[in-house]
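A.B. asks: Here you go, query26.cif (mmCIF, C-alpha atoms and all ligand atoms; chains and numbers go by the auth columns):
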data_data
loop_
_atom_site.group_PDB
_atom_site.id
_atom_site.type_symbol
_atom_site.label_atom_id
_atom_site.label_comp_id
_atom_site.label_asym_id
_atom_site.label_seq_id
_atom_site.Cartn_x
_atom_site.Cartn_y
_atom_site.Cartn_z
_atom_site.B_iso_or_equiv
_atom_site.auth_seq_id
_atom_site.auth_asym_id
ATOM 1 C CA MET A 1 4.694 139.541 47.413 0.00 1 L
ATOM 2 C CA ILE A 2 3.988 136.254 45.641 0.00 2 L
ATOM 3 C CA ARG A 3 0.638 134.757 46.612 0.00 3 L
ATOM 4 C CA THR A 4 0.267 131.007 46.519 0.00 4 L
ATOM 5 C CA LYS A 5 -2.900 128.962 46.355 0.00 5 L
ATOM 6 C CA LYS A 6 -2.957 125.471 47.800 0.00 6 L
ATOM 7 C CA LEU A 7 -4.943 122.968 45.801 0.00 7 L
ATOM 8 C CA ASP A 8 -6.137 119.859 47.620 0.00 8 L
ATOM 9 C CA GLU A 9 -5.864 116.623 45.714 0.00 9 L
ATOM 10 C CA LYS A 10 -9.289 115.456 44.580 0.00 10 L
ATOM 11 C CA LYS A 11 -10.349 112.210 46.236 0.00 11 L
ATOM 12 C CA LEU A 12 -11.509 109.540 43.767 0.00 12 L
ATOM 13 C CA ASN A 13 -14.840 107.851 44.331 0.00 13 L
ATOM 14 C CA PHE A 14 -15.283 104.102 43.824 0.00 14 L
ATOM 15 C CA TRP A 15 -16.104 104.275 40.087 0.00 15 L
ATOM 16 C CA GLU A 16 -13.232 106.622 39.399 0.00 16 L
ATOM 17 C CA SER A 17 -10.813 104.448 41.371 0.00 17 L
ATOM 18 C CA ILE A 18 -11.508 101.362 39.219 0.00 18 L
ATOM 19 C CA TYR A 19 -10.912 103.461 36.040 0.00 19 L
ATOM 20 C CA ILE A 20 -13.353 101.476 33.856 0.00 20 L
ATOM 21 C CA VAL A 21 -15.984 104.235 33.699 0.00 21 L
ATOM 22 C CA GLU A 22 -13.302 106.879 33.046 0.00 22 L
ATOM 23 C CA ILE A 23 -11.832 104.785 30.206 0.00 23 L
ATOM 24 C CA VAL A 24 -15.289 104.418 28.644 0.00 24 L
ATOM 25 C CA LYS A 25 -15.856 108.180 28.960 0.00 25 L
ATOM 26 C CA GLY A 26 -12.563 108.821 27.163 0.00 26 L
ATOM 27 C CA LEU A 27 -13.463 106.380 24.401 0.00 27 L
ATOM 28 C CA VAL A 28 -16.830 108.087 23.917 0.00 28 L
ATOM 29 C CA VAL A 29 -15.069 111.426 23.363 0.00 29 L
ATOM 30 C CA THR A 30 -12.609 109.829 20.931 0.00 30 L
ATOM 31 C CA MET A 31 -15.354 108.048 18.985 0.00 31 L
ATOM 32 C CA ARG A 32 -17.475 111.222 18.870 0.00 32 L
ATOM 33 C CA HIS A 33 -14.616 113.120 17.238 0.00 33 L
ATOM 34 C CA PHE A 34 -13.897 110.167 14.939 0.00 34 L
ATOM 35 C CA PHE A 35 -17.452 109.967 13.566 0.00 35 L
ATOM 36 C CA ILE A 36 -17.925 113.739 13.347 0.00 36 L
ATOM 37 C CA ASN A 37 -14.709 114.012 11.332 0.00 37 L
ATOM 38 C CA LEU A 38 -15.696 110.993 9.223 0.00 38 L
ATOM 39 C CA PHE A 39 -19.178 112.197 8.270 0.00 39 L
ATOM 40 C CA PHE A 40 -18.684 115.980 8.464 0.00 40 L
ATOM 41 C CA PRO A 41 -15.199 116.577 6.954 0.00 41 L
ATOM 42 C CA SER A 42 -16.005 120.240 6.367 0.00 42 L
ATOM 43 C CA ARG A 43 -15.808 120.716 10.131 0.00 43 L
ATOM 44 C CA ILE A 44 -12.152 119.661 10.233 0.00 44 L
ATOM 45 C CA ILE A 45 -9.876 122.656 10.403 0.00 45 L
ATOM 46 C CA THR A 46 -6.470 121.915 8.926 0.00 46 L
ATOM 47 C CA VAL A 47 -3.986 124.757 8.992 0.00 47 L
ATOM 48 C CA SER A 48 -0.829 124.429 6.913 0.00 48 L
ATOM 49 C CA TYR A 49 1.380 125.973 9.570 0.00 49 L
ATOM 50 C CA PRO A 50 3.747 127.806 9.230 0.00 50 L
ATOM 51 C CA GLU A 51 2.661 128.869 5.723 0.00 51 L
ATOM 52 C CA GLU A 52 -0.810 129.605 7.135 0.00 52 L
ATOM 53 C CA ASN A 53 -1.695 131.126 10.477 0.00 53 L
ATOM 54 C CA LEU A 54 -5.038 131.454 12.184 0.00 54 L
ATOM 55 C CA PRO A 55 -5.764 134.903 13.594 0.00 55 L
ATOM 56 C CA LEU A 56 -4.843 135.035 17.254 0.00 56 L
ATOM 57 C CA ILE A 57 -7.332 135.938 19.919 0.00 57 L
ATOM 58 C CA GLY A 58 -6.201 139.104 21.711 0.00 58 L
ATOM 59 C CA ASN A 59 -4.451 138.277 24.925 0.00 59 L
ATOM 60 C CA ALA A 60 -2.250 140.595 26.965 0.00 60 L
ATOM 61 C CA LYS A 61 -0.114 137.662 28.042 0.00 61 L
ATOM 62 C CA LEU A 62 0.496 136.391 24.521 0.00 62 L
ATOM 63 C CA LYS A 63 4.109 136.683 23.392 0.00 63 L
ATOM 64 C CA SER A 64 4.450 137.168 19.657 0.00 64 L
ATOM 65 C CA LEU A 65 6.971 138.644 17.233 0.00 65 L
ATOM 66 C CA HIS A 66 9.094 141.454 18.640 0.00 66 L
ATOM 67 C CA ARG A 67 9.000 145.088 17.619 0.00 67 L
ATOM 68 C CA ILE A 68 10.720 148.286 18.677 0.00 68 L
ATOM 69 C CA LYS A 69 8.165 150.956 19.479 0.00 69 L
ATOM 70 C CA LEU A 70 8.302 154.342 17.807 0.00 70 L
ATOM 71 C CA ARG A 71 7.597 157.738 19.300 0.00 71 L
ATOM 72 C CA LYS A 72 5.030 160.057 17.773 0.00 72 L
ATOM 73 C CA ASP A 73 7.805 161.767 15.795 0.00 73 L
ATOM 74 C CA GLY A 74 8.834 158.460 14.222 0.00 74 L
ATOM 75 C CA SER A 75 12.055 158.001 16.201 0.00 75 L
ATOM 76 C CA PRO A 76 12.629 154.710 18.025 0.00 76 L
ATOM 77 C CA LYS A 77 12.037 154.594 21.780 0.00 77 L
ATOM 78 C CA CYS A 78 15.111 152.397 22.119 0.00 78 L
ATOM 79 C CA VAL A 79 18.146 154.182 23.580 0.00 79 L
ATOM 80 C CA ALA A 80 20.561 151.292 22.898 0.00 80 L
ATOM 81 C CA CYS A 81 21.228 150.627 26.580 0.00 81 L
ATOM 82 C CA MET A 82 21.908 146.922 25.863 0.00 82 L
ATOM 83 C CA MET A 83 19.801 145.728 28.817 0.00 83 L
ATOM 84 C CA CYS A 84 17.762 143.400 26.605 0.00 84 L
ATOM 85 C CA ALA A 85 20.858 141.967 24.915 0.00 85 L
ATOM 86 C CA THR A 86 22.482 141.442 28.309 0.00 86 L
ATOM 87 C CA ILE A 87 19.584 139.590 29.885 0.00 87 L
ATOM 88 C CA CYS A 88 18.697 137.503 26.807 0.00 88 L
ATOM 89 C CA PRO A 89 19.406 133.866 27.759 0.00 89 L
ATOM 90 C CA SER A 90 19.833 132.879 24.111 0.00 90 L
ATOM 91 C CA LYS A 91 22.179 135.733 23.287 0.00 91 L
ATOM 92 C CA CYS A 92 20.218 136.316 20.105 0.00 92 L
ATOM 93 C CA ILE A 93 20.028 140.131 20.298 0.00 93 L
ATOM 94 C CA TYR A 94 22.805 142.143 18.677 0.00 94 L
ATOM 95 C CA ILE A 95 22.905 145.923 19.051 0.00 95 L
ATOM 96 C CA GLU A 96 25.350 148.561 17.903 0.00 96 L
ATOM 97 C CA ALA A 97 24.778 151.945 19.510 0.00 97 L
ATOM 98 C CA ASP A 98 25.364 155.343 17.924 0.00 98 L
ATOM 99 C CA GLU A 99 24.916 158.906 19.076 0.00 99 L
ATOM 100 C CA THR A 100 21.949 160.962 18.021 0.00 100 L
ATOM 101 C CA GLU A 101 21.255 164.667 17.862 0.00 101 L
ATOM 102 C CA ASN A 102 17.784 164.071 19.216 0.00 102 L
ATOM 103 C CA TYR A 103 16.834 164.417 22.882 0.00 103 L
ATOM 104 C CA VAL A 104 17.855 160.844 23.645 0.00 104 L
ATOM 105 C CA GLU A 105 21.500 160.076 24.054 0.00 105 L
ATOM 106 C CA LYS A 106 21.876 157.060 21.791 0.00 106 L
ATOM 107 C CA TYR A 107 19.961 155.021 19.281 0.00 107 L
ATOM 108 C CA PRO A 108 20.527 151.537 17.893 0.00 108 L
ATOM 109 C CA LYS A 109 22.459 151.875 14.647 0.00 109 L
ATOM 110 C CA VAL A 110 22.120 148.097 14.327 0.00 110 L
ATOM 111 C CA PHE A 111 19.430 146.078 16.090 0.00 111 L
ATOM 112 C CA ASN A 112 19.201 142.424 15.100 0.00 112 L
ATOM 113 C CA ILE A 113 17.320 139.528 16.641 0.00 113 L
ATOM 114 C CA ASP A 114 18.073 135.991 15.478 0.00 114 L
ATOM 115 C CA MET A 115 14.646 134.408 15.880 0.00 115 L
ATOM 116 C CA SER A 116 16.055 130.938 15.241 0.00 116 L
ATOM 117 C CA LYS A 117 17.681 131.158 18.677 0.00 117 L
ATOM 118 C CA CYS A 118 14.970 133.096 20.520 0.00 118 L
ATOM 119 C CA VAL A 119 13.054 131.054 23.108 0.00 119 L
ATOM 120 C CA MET A 120 10.236 133.644 23.394 0.00 120 L
ATOM 121 C CA CYS A 121 10.875 134.058 27.119 0.00 121 L
ATOM 122 C CA GLY A 122 10.010 137.772 27.136 0.00 122 L
ATOM 123 C CA LEU A 123 12.917 138.741 29.409 0.00 123 L
ATOM 124 C CA CYS A 124 14.037 141.409 26.938 0.00 124 L
ATOM 125 C CA VAL A 125 10.636 143.085 27.304 0.00 125 L
ATOM 126 C CA GLU A 126 10.794 142.900 31.093 0.00 126 L
ATOM 127 C CA ALA A 127 14.323 144.333 31.226 0.00 127 L
ATOM 128 C CA CYS A 128 13.787 147.315 28.929 0.00 128 L
ATOM 129 C CA PRO A 129 13.837 150.544 30.994 0.00 129 L
ATOM 130 C CA GLU A 130 12.267 152.544 28.140 0.00 130 L
ATOM 131 C CA ASP A 131 9.351 150.191 27.382 0.00 131 L
ATOM 132 C CA ALA A 132 10.808 150.205 23.882 0.00 132 L
ATOM 133 C CA ILE A 133 10.772 146.535 22.933 0.00 133 L
ATOM 134 C CA SER A 134 7.559 144.554 23.002 0.00 134 L
ATOM 135 C CA MET A 135 6.180 141.232 21.826 0.00 135 L
ATOM 136 C CA ASP A 136 2.681 142.415 20.961 0.00 136 L
ATOM 137 C CA THR A 137 2.535 142.233 17.155 0.00 137 L
ATOM 138 C CA GLY A 138 0.286 139.159 17.260 0.00 138 L
ATOM 139 C CA GLU A 139 2.494 137.483 14.633 0.00 139 L
ATOM 140 C CA ILE A 140 3.738 134.000 15.415 0.00 140 L
ATOM 141 C CA VAL A 141 7.173 133.196 14.058 0.00 141 L
ATOM 142 C CA GLY A 142 7.000 130.258 11.677 0.00 142 L
ATOM 143 C CA GLY A 143 9.723 127.976 10.392 0.00 143 L
ATOM 144 C CA SER A 144 12.175 128.648 7.599 0.00 144 L
ATOM 145 C CA TYR A 145 14.528 126.720 5.333 0.00 145 L
ATOM 146 C CA ASP A 146 17.115 129.474 5.683 0.00 146 L
ATOM 147 C CA ARG A 147 17.377 130.858 9.202 0.00 147 L
ATOM 148 C CA PHE A 148 19.974 133.481 8.210 0.00 148 L
ATOM 149 C CA ARG A 149 17.759 135.065 5.569 0.00 149 L
ATOM 150 C CA ASN A 150 16.047 138.310 6.464 0.00 150 L
ATOM 151 C CA TYR A 151 12.619 137.838 8.083 0.00 151 L
ATOM 152 C CA LYS A 152 10.737 139.777 5.401 0.00 152 L
ATOM 153 C CA ASN A 153 12.260 137.426 2.812 0.00 153 L
ATOM 154 C CA GLY A 154 11.094 134.285 4.583 0.00 154 L
ATOM 155 C CA GLY A 155 14.014 133.841 6.983 0.00 155 L
ATOM 156 C CA LEU A 156 14.301 134.160 10.729 0.00 156 L
ATOM 157 C CA PHE A 157 16.604 137.148 11.014 0.00 157 L
ATOM 158 C CA LEU A 158 14.999 140.358 12.267 0.00 158 L
ATOM 159 C CA THR A 159 16.689 143.666 11.569 0.00 159 L
ATOM 160 C CA LYS A 160 15.487 147.105 12.495 0.00 160 L
ATOM 161 C CA ASN A 161 13.753 147.336 9.129 0.00 161 L
ATOM 162 C CA GLU A 162 11.215 144.863 10.524 0.00 162 L
ATOM 163 C CA LEU A 163 11.582 145.765 14.195 0.00 163 L
ATOM 164 C CA PHE A 164 10.934 149.521 14.011 0.00 164 L
ATOM 165 C CA ARG A 165 7.172 149.626 13.660 0.00 165 L
ATOM 166 C CA HIS A 166 4.025 150.843 15.304 0.00 166 L
ATOM 167 C CA LEU A 167 0.736 148.989 15.572 0.00 167 L
ATOM 168 C CA PRO A 168 -2.269 150.113 13.491 0.00 168 L
ATOM 169 C CA HIS A 169 -4.012 151.738 16.469 0.00 169 L
ATOM 170 C CA GLU A 170 -0.934 153.802 17.341 0.00 170 L
ATOM 171 C CA THR A 171 -0.336 157.117 15.641 0.00 171 L
ATOM 172 C CA ILE A 172 2.890 158.676 14.556 0.00 172 L
ATOM 173 C CA SER A 173 3.134 162.079 12.991 0.00 173 L
ATOM 174 C CA LYS A 174 2.739 162.181 9.207 0.00 174 L
ATOM 175 C CA SER A 175 4.720 165.399 8.880 0.00 175 L
ATOM 176 C CA GLY A 176 7.679 165.582 6.524 0.00 176 L
ATOM 177 C CA ALA A 177 10.034 166.264 9.445 0.00 177 L
ATOM 178 C CA ALA A 178 8.815 163.151 11.264 0.00 178 L
ATOM 179 C CA ASN A 179 9.216 161.054 8.139 0.00 179 L
ATOM 180 C CA ARG A 180 12.739 162.343 7.627 0.00 180 L
ATOM 181 C CA LEU A 181 13.536 161.541 11.254 0.00 181 L
ATOM 182 C CA ALA A 182 12.094 158.037 10.959 0.00 182 L
ATOM 183 C CA ASN A 183 14.065 157.427 7.766 0.00 183 L
ATOM 184 C CA LYS A 184 17.226 158.723 9.392 0.00 184 L
ATOM 185 C CA TYR A 185 17.024 155.993 12.031 0.00 185 L
ATOM 186 C CA LEU A 186 16.448 153.376 9.382 0.00 186 L
ATOM 187 C CA GLU A 187 19.043 154.523 6.911 0.00 187 L
ATOM 188 C CA ASP A 188 21.778 152.202 8.240 0.00 188 L
ATOM 189 C CA LYS A 189 20.103 149.256 6.626 0.00 189 L
ATOM 190 C CA ASN A 190 21.756 146.065 7.730 0.00 190 L
ATOM 191 C CA ASP A 191 20.006 143.408 5.698 0.00 191 L
HETATM 192 S S1 LIG B . 12.241 136.682 24.114 0.00 1 B
HETATM 193 FE FE1 LIG B . 13.928 135.870 25.427 0.00 1 B
HETATM 194 S S2 LIG B . 15.212 134.688 24.036 0.00 1 B
HETATM 195 FE FE2 LIG B . 13.898 135.982 22.741 0.00 1 B
HETATM 196 S S3 LIG B . 15.088 137.833 22.343 0.00 1 B
HETATM 197 FE FE3 LIG B . 13.847 138.241 24.185 0.00 1 B
HETATM 198 S S4 LIG B . 15.177 137.681 25.939 0.00 1 B
HETATM 199 FE FE4 LIG B . 16.071 136.750 24.084 0.00 1 B
HETATM 200 S S1 LIG B . 15.128 147.759 23.500 0.00 2 B
HETATM 201 FE FE1 LIG B . 15.107 148.631 25.595 0.00 2 B
HETATM 202 S S2 LIG B . 16.538 147.353 26.763 0.00 2 B
HETATM 203 FE FE2 LIG B . 16.951 146.956 24.588 0.00 2 B
HETATM 204 S S3 LIG B . 18.617 148.389 24.077 0.00 2 B
HETATM 205 FE FE3 LIG B . 16.655 149.391 23.562 0.00 2 B
HETATM 206 S S4 LIG B . 16.144 150.612 25.369 0.00 2 B
HETATM 207 FE FE4 LIG B . 17.689 149.110 26.008 0.00 2 B
#
Render the structure in this file as structure tokens.

C.D. replies:
Amino acid sequence: MIRTKKLDEKKLNFWESIYIVEIVKGLVVTMRHFFINLFFPSRIITVSYPEENLPLIGNAKLKSLHRIKLRKDGSPKCVACMMCATICPSKCIYIEADETENYVEKYPKVFNIDMSKCVMCGLCVEACPEDAISMDTGEIVGGSYDRFRNYKNGGLFLTKNELFRHLPHETISKSGAANRLANKYLEDKND
């Protein structure tokens, strides 16, 4: 059930209703920033985005660059059901499914996301029945002069070579069998 909260409109007092005091208050804030920046330039933080990024403060609701989660044995959790590609409003997910000998029925032989079309809505994450795709890498997608270039080469095109990954706090097996399995799912390189 969706809960709603009704907010009453705040009534203005006399001084607020004539706006003069509020305008002066706004000017004071503007002038404070102006003089602080003028006399203490070291306090100005200029970030050359997208070449530079500030570290993001952890937030469960933050939507950042996609990834496909891996199981402990290194295989992708994705079963190539196409739910994310179907619901994506931008139609920027492209998947080709293939059969696997593992205990899941299918795996994505090709999994591409064109980040130049993605609107970061998160619907793909919501739709995934396997909790396989997530937007929790904490990386914000920057701009690019060549949107069709692979993401790791400065473009905006994600393939499974970038998507199949685990986060530092997650563990996957380091055994040779697990590595071979992980490589098997990556061997159809599509960049
Ligand atoms: S975040 Fe939205 S637009 Fe981007 S790939 Fe997912 S469903 Fe498509
Ligand atoms: S990421 Fe999830 S929704 Fe998308 S194809 Fe894989 S299992 Fe299906």

A.B. asks: If you measure from CA of Lys106 (chain L) to CA of His66 (chain L), what distance in Å do you get, rounded to one decimal?

C.D. replies: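 Going from CA of Lys106 (chain L) over to CA of His66 (chain L), I get 20.4 Å.
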
A.B. asks: Name the residues that the PyMOL selection byres (((not hetatm)) within 6 of (chain B and resi 2)) picks from the file above, as a ChimeraX atom specification, using the file's chain letters and numbers.

C.D. replies: /L:78-84,127-130,132-133

A.B. asks: Just how far from CA of Ser42 (chain L) is CA of Val141 (chain L), in Å to one decimal?

C.D. replies: 27.6 Å

A.B. asks: Can you sort out the box for ligand LIG 1 (chain B), edges along x, y and z, all listed atoms in, 8 Å on every side, with centre and edge lengths in Å to one decimal, as lines of an AutoDock Vina configuration file?

C.D. replies:
center_x = 14.2
center_y = 136.5
center_z = 24.1
size_x = 19.8
size_y = 19.6
size_z = 19.6

A.B. asks: Given all atoms listed in the file as the basis, pick out the residue of L:Lys160, L:Ser64, L:Glu105, L:Ser134 nearest to Met120 (chain L).

C.D. replies: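 Nearest to Met120 (chain L): L:Ser64.
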
A.B. asks: Write out, as JSON lines, each residue of chain L that has an atom at most 6 Å from ligand LIG 1 (chain B), together with the closest pair of atoms and their distance in Å to one decimal, counting all atoms listed in the file, rows going by chain and rising number.

C.D. replies:
{"residue": "L:Cys88", "atom": "CA", "partner": "B:LIG1", "partner_atom": "S4", "distance": 3.6}
{"residue": "L:Pro89", "atom": "CA", "partner": "B:LIG1", "partner_atom": "S2", "distance": 5.7}
{"residue": "L:Ser90", "atom": "CA", "partner": "B:LIG1", "partner_atom": "S2", "distance": 5.0}
{"residue": "L:Cys92", "atom": "CA", "partner": "B:LIG1", "partner_atom": "FE4", "distance": 5.8}
{"residue": "L:Ile93", "atom": "CA", "partner": "B:LIG1", "partner_atom": "S3", "distance": 5.8}
{"residue": "L:Cys118", "atom": "CA", "partner": "B:LIG1", "partner_atom": "FE2", "distance": 3.8}
{"residue": "L:Val119", "atom": "CA", "partner": "B:LIG1", "partner_atom": "S2", "distance": 4.3}
{"residue": "L:Met120", "atom": "CA", "partner": "B:LIG1", "partner_atom": "S1", "distance": 3.7}
{"residue": "L:Cys121", "atom": "CA", "partner": "B:LIG1", "partner_atom": "FE1", "distance": 3.9}
{"residue": "L:Gly122", "atom": "CA", "partner": "B:LIG1", "partner_atom": "S1", "distance": 3.9}
{"residue": "L:Leu123", "atom": "CA", "partner": "B:LIG1", "partner_atom": "S4", "distance": 4.3}
{"residue": "L:Cys124", "atom": "CA", "partner": "B:LIG1", "partner_atom": "S4", "distance": 4.0}

A.B. asks: Could you give me, as a PyMOL selection string, the residues that have an atom at most 7 Å away from the point (24.7, 146.6, 20.0) in the coordinates of the file, using only C-alpha atoms?

C.D. replies: chain L and resi 80+82+94-97+108+110-111

A.B. asks: Considering only C-alpha atoms, return as a VMD selection string whatever protein or nucleic-acid residues lie within 12 Å of Ser48 (chain L), sequence-local ones (same chain, fewer than 6 positions apart) excluded.

C.D. replies: chain L and resid 54 142 to 143

A.B. asks: Please list as a list in words every residue within 9 Å of Asn53 (chain L), counting only C-alpha atoms and excluding residues in the same chain fewer than 6 positions away.

C.D. replies: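 That gives Val47, Glu139, Ile140 and Gly142 of chain L.
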
A.B. asks: Mind giving me the straight-line distance from CA of Asp98 (chain L) to CA of His169 (chain L) in Å, one decimal?

C.D. replies: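 Distance between the two atoms: 29.6 Å.
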
A.B. asks: Pull out every residue that the PyMOL selection byres (((chain L and resi 170) around 10) and not hetatm) matches in the shown coordinates and put them as a list of chain:residue names.

C.D. replies: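 That expression, the PyMOL selection byres (((chain L and resi 170) around 10) and not hetatm), corresponds here to L:Lys69, L:Leu70, L:Arg71, L:Lys72, L:Arg165, L:His166, L:Leu167, L:Pro168, L:His169, L:Thr171, L:Ile172.
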
A.B. asks: Can you write out the residues you just picked, keeping C-alpha atoms, as a CSV table (one decimal), in the coordinates of the input?

C.D. replies:
chain,number,residue,atom,x,y,z
L,69,LYS,CA,8.2,151.0,19.5
L,70,LEU,CA,8.3,154.3,17.8
L,71,ARG,CA,7.6,157.7,19.3
L,72,LYS,CA,5.0,160.1,17.8
L,165,ARG,CA,7.2,149.6,13.7
L,166,HIS,CA,4.0,150.8,15.3
L,167,LEU,CA,0.7,149.0,15.6
L,168,PRO,CA,-2.3,150.1,13.5
L,169,HIS,CA,-4.0,151.7,16.5
L,171,THR,CA,-0.3,157.1,15.6
L,172,ILE,CA,2.9,158.7,14.6
